[in-house]
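Enquirer: coords.cif (mmCIF, C-alpha atoms) pasted underneath:
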data_final
loop_
_atom_site.label_atom_id
_atom_site.label_comp_id
_atom_site.auth_asym_id
_atom_site.auth_seq_id
_atom_site.Cartn_x
_atom_site.Cartn_y
_atom_site.Cartn_z
CA MET I 1 8.30 -17.91 -25.94
CA ARG I 2 7.69 -14.32 -24.91
CA LYS I 3 4.29 -15.18 -23.42
CA ARG I 4 5.86 -18.01 -21.43
CA SER I 5 8.58 -15.73 -20.04
CA ILE I 6 5.95 -13.10 -19.08
CA LEU I 7 3.87 -15.80 -17.34
CA MET I 8 6.93 -17.08 -15.46
CA PHE I 9 7.80 -13.53 -14.38
CA SER I 10 4.22 -12.98 -13.20
CA ARG I 11 4.26 -16.21 -11.17
CA ASN I 12 7.62 -15.39 -9.62
CA LYS I 13 6.31 -11.93 -8.73
CA VAL I 14 3.30 -13.47 -6.96
CA TRP I 15 5.36 -15.97 -4.96
CA ALA I 16 7.83 -13.22 -4.07
CA GLY I 17 4.84 -11.25 -2.79
CA TYR I 18 3.82 -14.17 -0.57
CA ALA I 19 7.37 -14.59 0.74
CA VAL I 20 7.73 -10.87 1.55
CA SER I 21 4.27 -10.76 3.18
CA ILE I 22 4.90 -13.81 5.38
CA LEU I 23 8.32 -12.47 6.41
CA LEU I 24 6.76 -9.08 7.24
CA LEU I 25 4.02 -10.73 9.31
CA LEU I 26 6.55 -12.80 11.28
CA THR I 27 8.66 -9.67 11.88
CA ALA I 28 5.62 -7.66 12.99
CA PHE I 29 4.50 -10.48 15.29
CA THR I 30 7.96 -10.72 16.87
CA LEU I 31 8.22 -6.96 17.40
CA GLY I 32 4.67 -6.79 18.75
CA VAL I 33 5.43 -9.41 21.39
CA THR I 34 8.97 -8.41 22.37
CA VAL I 35 8.93 -4.58 22.20
CA GLY I 36 7.28 -2.46 24.88
CA SER I 37 7.83 -0.80 28.23
CA VAL I 38 9.50 -4.07 29.25
CA ARG I 39 11.61 -5.53 26.46
CA VAL I 40 11.38 -9.31 26.15
CA PRO I 41 14.47 -10.99 24.63
CA PHE I 42 13.76 -12.95 21.45
CA MET I 43 15.06 -16.27 22.85
CA GLU I 44 13.02 -15.70 26.00
CA MET I 45 9.91 -15.30 23.85
CA LEU I 46 10.63 -18.59 22.04
CA SER I 47 11.18 -20.44 25.31
CA ILE I 48 7.95 -19.00 26.71
CA PHE I 49 5.93 -20.22 23.71
CA ALA I 50 7.64 -23.62 23.88
CA GLY I 51 7.11 -23.90 27.64
CA ALA I 52 3.49 -22.72 27.51
CA PHE I 53 2.51 -26.09 26.07
CA SER I 54 4.46 -28.12 28.61
CA ASN I 55 5.30 -26.51 31.94
CA ARG I 56 4.45 -22.83 32.38
CA GLU I 57 5.46 -22.86 36.07
CA ALA I 58 9.11 -23.32 35.07
CA LEU I 59 9.13 -20.04 33.12
CA ASP I 60 10.04 -16.58 34.34
CA PRO I 61 6.70 -15.42 35.81
CA MET I 62 7.10 -11.77 34.79
CA PHE I 63 8.05 -12.41 31.17
CA SER I 64 5.54 -15.24 30.92
CA SER I 65 2.68 -13.04 32.11
CA ILE I 66 3.66 -10.15 29.81
CA VAL I 67 3.90 -12.37 26.74
CA LEU I 68 1.05 -14.87 27.21
CA ASP I 69 -1.51 -12.75 29.07
CA ILE I 70 -0.98 -9.26 27.64
CA ARG I 71 1.02 -8.94 24.41
CA PHE I 72 0.30 -12.19 22.60
CA PRO I 73 -3.52 -11.86 22.72
CA ARG I 74 -3.19 -8.17 21.81
CA VAL I 75 -1.06 -8.99 18.76
CA VAL I 76 -3.45 -11.78 17.69
CA LEU I 77 -6.45 -9.46 18.02
CA ALA I 78 -4.72 -6.70 16.04
CA ALA I 79 -3.85 -9.24 13.34
CA LEU I 80 -7.45 -10.48 13.08
CA VAL I 81 -8.88 -6.95 12.94
CA GLY I 82 -6.34 -5.78 10.34
CA ALA I 83 -6.85 -8.90 8.23
CA SER I 84 -10.64 -8.52 8.38
CA LEU I 85 -10.63 -4.87 7.30
CA ALA I 86 -8.05 -5.45 4.55
CA ILE I 87 -9.81 -8.39 2.87
CA ALA I 88 -13.18 -6.63 3.20
CA GLY I 89 -11.70 -3.55 1.48
CA ALA I 90 -10.12 -5.67 -1.26
CA SER I 91 -13.43 -7.42 -1.96
CA PHE I 92 -15.43 -4.17 -2.04
CA GLN I 93 -12.90 -2.57 -4.40
CA GLY I 94 -12.95 -5.62 -6.67
CA LEU I 95 -16.72 -5.92 -6.73
CA LEU I 96 -17.47 -2.22 -7.21
CA LYS I 97 -14.43 -1.66 -9.46
CA ASN I 98 -13.52 1.48 -7.56
CA PRO I 99 -10.20 2.17 -5.78
CA LEU I 100 -11.96 4.35 -3.18
CA ALA I 101 -14.34 1.62 -2.03
CA ASP I 102 -13.70 0.29 1.45
CA PRO I 103 -15.75 -0.33 4.61
CA TYR I 104 -15.07 3.24 5.78
CA THR I 105 -16.01 5.18 2.62
CA LEU I 106 -19.10 3.02 1.94
CA GLY I 107 -20.49 3.82 5.39
CA VAL I 108 -20.28 0.20 6.55
CA SER I 109 -17.90 1.01 9.41
CA SER I 110 -20.19 3.83 10.56
CA GLY I 111 -23.20 1.51 10.46
CA ALA I 112 -21.33 -1.11 12.48
CA SER I 113 -20.28 1.60 14.94
CA VAL I 114 -23.88 2.74 15.43
CA GLY I 115 -24.95 -0.85 16.08
CA ALA I 116 -22.15 -1.43 18.57
CA VAL I 117 -22.58 1.90 20.40
CA ALA I 118 -26.35 1.36 20.58
CA THR I 119 -25.69 -2.04 22.17
CA ILE I 120 -23.41 -0.46 24.79
CA PHE I 121 -25.69 2.58 25.25
CA LEU I 122 -28.87 0.55 25.75
CA GLY I 123 -27.19 -2.37 27.52
CA LEU I 124 -28.68 -4.84 25.06
CA THR I 125 -28.24 -8.58 25.47
CA ILE I 126 -29.89 -11.04 23.11
CA PRO I 127 -30.98 -14.21 24.96
CA GLY I 128 -28.80 -17.14 23.99
CA LEU I 129 -26.03 -14.99 22.52
CA GLY I 130 -24.59 -13.41 25.67
CA SER I 131 -21.28 -11.69 24.85
CA PHE I 132 -21.85 -12.33 21.12
CA THR I 133 -24.69 -9.78 21.18
CA LEU I 134 -22.26 -6.92 20.42
CA PRO I 135 -20.68 -8.38 17.25
CA VAL I 136 -23.99 -9.80 15.98
CA ILE I 137 -25.80 -6.44 16.23
CA SER I 138 -22.74 -4.66 14.78
CA ILE I 139 -22.68 -7.06 11.80
CA LEU I 140 -26.42 -6.71 11.19
CA ALA I 141 -26.12 -2.91 11.33
CA ALA I 142 -23.18 -3.00 8.88
CA LEU I 143 -25.10 -5.19 6.43
CA LEU I 144 -28.24 -3.07 6.72
CA THR I 145 -26.22 0.11 6.10
CA LEU I 146 -24.66 -1.36 2.96
CA ILE I 147 -28.07 -2.46 1.64
CA ILE I 148 -29.50 1.02 2.26
CA VAL I 149 -26.50 2.73 0.63
CA LEU I 150 -26.74 0.56 -2.49
CA GLY I 151 -30.54 0.91 -2.60
CA PHE I 152 -30.35 4.69 -2.31
CA ALA I 153 -27.63 4.85 -4.98
CA ARG I 154 -29.88 2.81 -7.29
CA MET I 155 -32.76 5.24 -6.66
CA VAL I 156 -30.52 8.19 -7.55
CA GLU I 157 -29.07 6.54 -10.64
CA LYS I 158 -30.20 3.17 -12.01
CA SER I 159 -26.82 2.48 -13.56
CA MET I 160 -25.31 2.80 -10.07
CA LYS I 161 -22.07 4.47 -11.14
CA MET I 162 -19.23 4.06 -8.68
CA GLU I 163 -19.08 7.80 -8.00
CA THR I 164 -22.74 7.72 -6.95
CA ILE I 165 -22.16 4.79 -4.59
CA ILE I 166 -19.14 6.47 -2.98
CA LEU I 167 -20.99 9.78 -2.54
CA THR I 168 -23.99 7.95 -1.07
CA GLY I 169 -21.68 6.13 1.34
CA ILE I 170 -20.15 9.43 2.46
CA ILE I 171 -23.62 10.96 2.97
CA PHE I 172 -24.82 8.05 5.08
CA SER I 173 -21.53 7.94 6.97
CA SER I 174 -22.05 11.62 7.96
CA PHE I 175 -25.65 10.93 8.95
CA LEU I 176 -24.68 7.93 11.08
CA GLY I 177 -21.90 10.03 12.62
CA SER I 178 -24.53 12.50 13.84
CA ILE I 179 -26.48 9.61 15.42
CA LEU I 180 -23.29 8.53 17.19
CA SER I 181 -22.78 12.09 18.45
CA LEU I 182 -26.36 12.15 19.73
CA MET I 183 -25.88 8.92 21.68
CA ILE I 184 -22.63 10.22 23.13
CA ALA I 185 -24.36 13.45 24.19
CA LEU I 186 -27.05 11.43 25.98
CA THR I 187 -24.60 9.00 27.57
CA GLY I 188 -23.87 9.04 31.28
CA ASP I 189 -21.54 6.56 32.93
CA GLU I 190 -20.70 4.78 29.66
CA LEU I 191 -19.23 7.93 28.06
CA ARG I 192 -15.56 7.07 28.60
CA GLN I 193 -16.11 3.47 27.44
CA ILE I 194 -17.83 4.61 24.24
CA ILE I 195 -15.28 7.36 23.46
CA ASN I 196 -12.33 4.99 23.97
CA TRP I 197 -14.05 2.38 21.84
CA LEU I 198 -14.83 4.81 19.00
CA LEU I 199 -11.20 5.96 18.75
CA GLY I 200 -10.12 2.40 18.00
CA SER I 201 -7.98 0.19 20.21
CA VAL I 202 -6.96 -3.42 20.85
CA SER I 203 -5.59 -2.61 24.30
CA MET I 204 -6.42 -4.95 27.20
CA ARG I 205 -9.08 -6.82 25.18
CA GLY I 206 -7.78 -10.31 25.92
CA TRP I 207 -8.79 -13.73 24.65
CA GLU I 208 -12.51 -13.06 25.08
CA TYR I 209 -12.47 -10.58 22.20
CA ILE I 210 -10.43 -12.96 20.06
CA ARG I 211 -13.10 -15.62 20.59
CA LEU I 212 -15.70 -13.05 19.49
CA ILE I 213 -14.06 -12.10 16.18
CA ALA I 214 -12.39 -15.40 15.21
CA PRO I 215 -15.48 -17.34 13.98
CA PHE I 216 -16.74 -14.37 11.97
CA PHE I 217 -13.29 -13.83 10.46
CA LEU I 218 -12.95 -17.49 9.44
CA ILE I 219 -16.42 -17.59 7.85
CA GLY I 220 -16.10 -14.22 6.07
CA ALA I 221 -12.56 -14.78 4.79
CA PHE I 222 -13.41 -18.31 3.58
CA LEU I 223 -16.47 -17.08 1.64
CA LEU I 224 -14.54 -14.24 -0.02
CA ILE I 225 -11.57 -16.42 -1.03
CA TRP I 226 -14.03 -19.07 -2.26
CA ASN I 227 -15.52 -16.40 -4.57
CA ALA I 228 -12.17 -15.04 -5.81
CA ARG I 229 -12.65 -16.41 -9.35
CA GLU I 230 -16.12 -14.84 -9.54
CA LEU I 231 -14.66 -11.51 -8.43
CA ASN I 232 -12.13 -11.80 -11.26
CA ALA I 233 -14.95 -12.47 -13.73
CA MET I 234 -17.07 -9.55 -12.46
CA ALA I 235 -14.09 -7.22 -12.83
CA PHE I 236 -14.71 -7.40 -16.61
CA GLY I 237 -18.37 -6.40 -16.20
CA GLU I 238 -21.52 -8.13 -15.04
CA GLU I 239 -22.69 -9.11 -18.53
CA ARG I 240 -19.44 -10.87 -19.37
CA ALA I 241 -19.48 -12.58 -15.96
CA GLN I 242 -22.99 -13.91 -16.70
CA HIS I 243 -21.81 -15.23 -20.06
CA LEU I 244 -19.05 -17.07 -18.16
CA GLY I 245 -21.70 -18.78 -16.02
CA VAL I 246 -21.49 -16.60 -12.89
CA ASN I 247 -24.71 -16.05 -10.95
CA VAL I 248 -23.95 -12.36 -10.55
CA GLN I 249 -26.72 -11.39 -8.15
CA ARG I 250 -26.02 -14.27 -5.78
CA ARG I 251 -22.26 -13.71 -5.84
CA LYS I 252 -22.65 -9.97 -5.27
CA PHE I 253 -24.81 -10.66 -2.22
CA VAL I 254 -22.31 -13.21 -0.85
CA VAL I 255 -19.38 -10.79 -1.30
CA LEU I 256 -21.22 -7.82 0.19
CA ALA I 257 -22.56 -9.90 3.11
CA SER I 258 -19.12 -11.40 3.81
CA GLY I 259 -17.44 -7.98 3.71
CA SER I 260 -20.08 -6.62 6.09
CA LEU I 261 -19.63 -9.65 8.35
CA LEU I 262 -15.88 -9.01 8.60
CA THR I 263 -16.29 -5.26 9.06
CA GLY I 264 -19.00 -5.57 11.70
CA ALA I 265 -16.99 -8.09 13.73
CA ALA I 266 -13.80 -6.00 13.49
CA VAL I 267 -15.58 -2.80 14.53
CA ALA I 268 -17.32 -4.61 17.40
CA VAL I 269 -14.04 -5.65 19.04
CA SER I 270 -11.75 -2.71 18.18
CA GLY I 271 -13.84 0.34 17.30
CA THR I 272 -13.57 2.38 14.12
CA ILE I 273 -10.20 2.02 12.39
CA GLY I 274 -9.85 3.68 9.00
CA PHE I 275 -7.57 3.38 5.97
CA VAL I 276 -6.57 -0.29 6.48
CA GLY I 277 -9.16 -1.53 3.99
CA LEU I 278 -8.30 1.29 1.62
CA VAL I 279 -4.49 1.21 1.53
CA VAL I 280 -3.55 -2.46 1.96
CA PRO I 281 -5.33 -3.80 -1.18
CA HIS I 282 -3.64 -1.11 -3.30
CA MET I 283 -0.22 -2.04 -1.95
CA VAL I 284 -0.92 -5.72 -2.63
CA ARG I 285 -2.00 -5.04 -6.22
CA MET I 286 1.18 -3.05 -6.81
CA LEU I 287 3.12 -6.12 -5.67
CA THR I 288 1.29 -8.95 -7.42
CA GLY I 289 -1.34 -7.66 -9.84
CA SER I 290 -5.12 -7.76 -9.66
CA ASP I 291 -5.89 -11.49 -9.51
CA HIS I 292 -8.21 -11.86 -6.50
CA ARG I 293 -7.01 -15.42 -5.92
CA HIS I 294 -3.83 -13.77 -4.63
CA VAL I 295 -5.03 -10.28 -3.71
CA LEU I 296 -7.41 -11.58 -1.01
CA PRO I 297 -5.00 -13.87 0.92
CA LEU I 298 -2.18 -11.35 0.58
CA SER I 299 -4.48 -8.62 1.91
CA ILE I 300 -5.07 -10.81 4.96
CA LEU I 301 -1.33 -11.16 5.59
CA ASN I 302 -0.45 -7.52 5.01
CA GLY I 303 -3.52 -6.14 6.80
CA ALA I 304 -2.54 -8.17 9.85
CA SER I 305 1.06 -6.91 9.67
CA LEU I 306 0.03 -3.28 9.24
CA LEU I 307 -2.28 -3.20 12.24
CA ILE I 308 0.19 -5.04 14.48
CA LEU I 309 2.85 -2.44 13.63
CA CYS I 310 0.40 0.47 14.01
CA ASP I 311 -0.60 -0.85 17.43
CA LEU I 312 3.08 -1.17 18.36
CA VAL I 313 3.64 2.49 17.41
CA ALA I 314 0.46 3.54 19.26
CA ARG I 315 1.63 2.04 22.56
CA THR I 316 5.32 2.97 22.39
CA ILE I 317 5.70 6.34 20.62
CA VAL I 318 4.59 8.39 23.67
CA ALA I 319 4.91 5.69 26.35
CA PRO I 320 3.59 5.24 28.97
CA THR I 321 0.59 6.95 27.35
CA GLU I 322 -1.16 4.98 24.61
CA LEU I 323 -2.50 6.62 21.46
CA PRO I 324 -5.69 5.33 19.79
CA ILE I 325 -4.72 2.95 17.00
CA GLY I 326 -7.16 4.68 14.63
CA VAL I 327 -5.06 7.85 14.89
CA ILE I 328 -1.92 5.98 13.80
CA THR I 329 -3.62 4.24 10.85
CA ALA I 330 -4.95 7.61 9.64
CA LEU I 331 -1.56 9.32 10.02
CA ILE I 332 0.14 6.54 8.05
CA GLY I 333 -2.68 5.62 5.70
CA ALA I 334 -3.65 9.06 4.38
CA PRO I 335 -0.16 10.04 3.04
CA VAL I 336 0.46 6.51 1.68
CA PHE I 337 -2.86 6.50 -0.13
CA GLY I 338 -2.13 9.97 -1.52
CA LEU I 339 1.21 8.74 -2.90
CA ILE I 340 -0.50 5.70 -4.44
CA LEU I 341 -3.04 7.92 -6.20
CA ILE I 342 -0.28 10.19 -7.54
CA GLN I 343 1.64 7.15 -8.81
CA LYS I 344 -1.46 5.75 -10.54
CA ARG I 345 -2.19 9.09 -12.17
CA LYS I 346 1.40 9.25 -13.49
CA GLU I 347 1.07 5.71 -14.87
CA ARG I 348 -2.12 6.63 -16.74
CA ARG I 349 -0.52 9.74 -18.24
CA GLY I 350 2.56 7.74 -19.18
#
Output the file's structure as structure tokens, nothing else.
Expert:
Amino acid sequence: MRKRSILMFSRNKVWAGYAVSILLLLTAFTLGVTVGSVRVPFMEMLSIFAGAFSNREALDPMFSSIVLDIRFPRVVLAALVGASLAIAGASFQGLLKNPLADPYTLGVSSGASVGAVATIFLGLTIPGLGSFTLPVISILAALLTLIIVLGFARMVEKSMKMETIILTGIIFSSFLGSILSLMIALTGDELRQIINWLLGSVSMRGWEYIRLIAPFFLIGAFLLIWNARELNAMAFGEERAQHLGVNVQRRKFVVLASGSLLTGAAVAVSGTIGFVGLVVPHMVRMLTGSDHRHVLPLSILNGASLLILCDLVARTIVAPTELPIGVITALIGAPVFGLILIQKRKERRG
């Protein structure tokens, strides 16, 4: 009887987490579209979305242009970037069993940044890919960085302790940062473009950037959610996962490749944005527990909400000037993560 009541409580907690997350995402979306230098009334927003599929000419041209051409694509892009970074962070933390693992601390974001900046710096275009050259090179650089980090950590210590992997990621992140600085120092006309991109932003990116990230997000998120049960099994150790019938090596590669795919695509369209993949999964686990079948989709919802709200703050707090979104995520993420660590330490002592 007691076990049944605990199970029911756990299920109710999970569904409450979904309800809160969906409500938060809808609220963030509404605020992102309606709030700005020109405030759009809520009912006006609804009529614009309804009229966009029938007769756009009958709508107020000013509000219609603000919502459909500027704010809506910006909010969608912020949601996709936030969701990508959050689910990538959740998968890395689950796979490596370390709360500090995320695309930023593992050096994956830095690798993706080097790939993207090199593409801009050298003006690279792969035949047949066109505008997809930037995300493809960024993704390949992210994956290569992760492989090198894990390979180097294995050389240092065959058991590949989590502390070793994190330290290796920090070392390579610093090294790649120096390469970025070198490219910036050698840059001419592209300097402003690269600097603005590195600081992180979803401003004035439009539907073209959404088309760039969307396919990579769908593929990466699908693969990670598909492997949620395997992530749960590997959380108890690789040997036990093998006894349960999990092909550990294959699943590890799929998870790492999918996380790199999501990170590379997000970095390619928005620049380097930290703390989303670190903080959001922790907040989700505090809400619903550590089952990756729920942690991954909830990370998508809450990562999207967080970045939409951070972008809203970035463009309104010192309007008409816009702050880089990476600055806002760091200002919010660092204290929140510190509080989470303090709370976890208290729970362990208790």
Enquirer: Could I get the residues of range 108-144 of chain I with an atom no further than 8 Å from an atom of range 203-216 of chain I, each paired with its nearest atom pair and that distance in Å to one decimal, using all atoms listed in the file, sorted by chain and residue number, as CSV?
Expert:
residue,atom,partner,partner_atom,distance
I:Ser131,CA,I:Leu212,CA,7.9
I:Phe132,CA,I:Leu212,CA,6.4
I:Pro135,CA,I:Leu212,CA,7.2
Enquirer: Fewer than 4 positions away in the same chain doesn't count, so skip those; otherwise give me all residues within 9 Å of Ala228 in chain I, counting all atoms listed in the file, as a short mmCIF file (atom, residue, chain, number, x, y, z; two decimals) with C-alpha atoms, in the coordinates of the input.
Expert:
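The resulting file, selection20.cif, is shown below:
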data_model
loop_
_atom_site.label_atom_id
_atom_site.label_comp_id
_atom_site.auth_asym_id
_atom_site.auth_seq_id
_atom_site.Cartn_x
_atom_site.Cartn_y
_atom_site.Cartn_z
CA SER I 91 -13.43 -7.42 -1.96
CA LEU I 223 -16.47 -17.08 1.64
CA LEU I 224 -14.54 -14.24 -0.02
CA ASN I 232 -12.13 -11.80 -11.26
CA ALA I 233 -14.95 -12.47 -13.73
CA ASP I 291 -5.89 -11.49 -9.51
CA HIS I 292 -8.21 -11.86 -6.50
CA ARG I 293 -7.01 -15.42 -5.92
CA HIS I 294 -3.83 -13.77 -4.63
CA VAL I 295 -5.03 -10.28 -3.71
CA LEU I 296 -7.41 -11.58 -1.01
#
Enquirer: I:Gln242, I:Gln249, I:Ser270, I:Thr34: which is nearest Leu85 in chain I, counting all atoms listed in the file?
Expert: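 Of the candidates, the smallest distance to Leu85 in chain I is held by I:Ser270.
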Enquirer: Give me, as a list of chain:residue names, all polymer residues having an atom no more than 12 Å from Leu331 in chain I, counting all atoms listed in the file and skipping those fewer than 3 positions away in the same chain.
Expert: I:Ile273, I:Gly274, I:Phe275, I:Val276, I:Cys310, I:Val313, I:Ala314, I:Leu323, I:Pro324, I:Ile325, I:Gly326, I:Val327, I:Ile328, I:Ala334, I:Pro335, I:Val336, I:Phe337, I:Gly338
Enquirer: Name the closest residue to Arg315 in chain I among the candidates I:Ser290, I:Ala266, I:Gly259, I:Ser201; distances are taken between atoms, counting all atoms listed in the file.
Expert: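 Going through I:Ser290, I:Ala266, I:Gly259, I:Ser201 one by one, the smallest distance to Arg315 in chain I is for I:Ser201.
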Enquirer: Please report the interatomic distance between CA of Gly200 in chain I and CA of Thr272 in chain I in Å with one decimal.
Expert: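 Result for CA of Gly200 in chain I versus CA of Thr272 in chain I: 5.2 Å, one decimal.
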Enquirer: Which is closest to Ala90 in chain I among I:Ile147, I:Met283, I:Leu306, I:Met62, if we use only C-alpha atoms?
Expert: I:Met283
Enquirer: When distances are computed from only C-alpha atoms, which of I:Leu298, I:Leu198, I:Val269, I:Leu106 shows the smallest separation from Gly169 in chain I?
Expert: I:Leu106
Enquirer: Just the residues within 12 Å of Phe92 in chain I, please, counting all atoms listed in the file, with nothing from its chain fewer than 2 positions along; format it as a VMD selection string.
Expert: chain I and resid 85 to 90 94 to 106 108 146 162 165 to 166 224 228 231 234 to 235 252 to 260 262 to 263 277 to 278 281 292 296
Enquirer: The PyMOL selection byres ((chain I and resi 16-32) around 9) - which residues does that actually catch in the file I just gave you? List them as a PyMOL selection string.
Expert: chain I and resi 11-15+33-36+42+45+71-72+74-76+79+284+287-288+294+297-298+301-302+304-306+308-309+311-312
Enquirer: Would you please work out which residue, of I:Pro61, I:Gly237, I:Gly177, I:Pro320, is nearest to Gly115 in chain I when using all atoms listed in the file?
Expert: I:Gly177
Enquirer: What is the distance, in Å and to one decimal place, between CA of Val40 in chain I and CA of Ala319 in chain I?
Expert: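 Calculated distance between CA of Val40 in chain I and CA of Ala319 in chain I is 16.3 Å.
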Enquirer: Could you check the closest approach to Ile120 in chain I for each of I:Arg154, I:Thr168, I:Ile194, I:Ile137 and tell me which residue wins, using only C-alpha atoms?
Expert: I:Ile194
Enquirer: What box, with edges along x, y and z, holds each listed atom of range 286-301 of chain I when 3 Å is added on every side, and can you state its centre and edge lengths in Å to one decimal, as JSON?
Expert:
{"center_x": -2.5, "center_y": -9.2, "center_z": -2.1, "size_x": 17.3, "size_y": 18.4, "size_z": 21.4}
Enquirer: State, in Å with one decimal place, the distance from CA of Gly264 in chain I to CA of Ala241 in chain I.
Expert: 28.5 Å
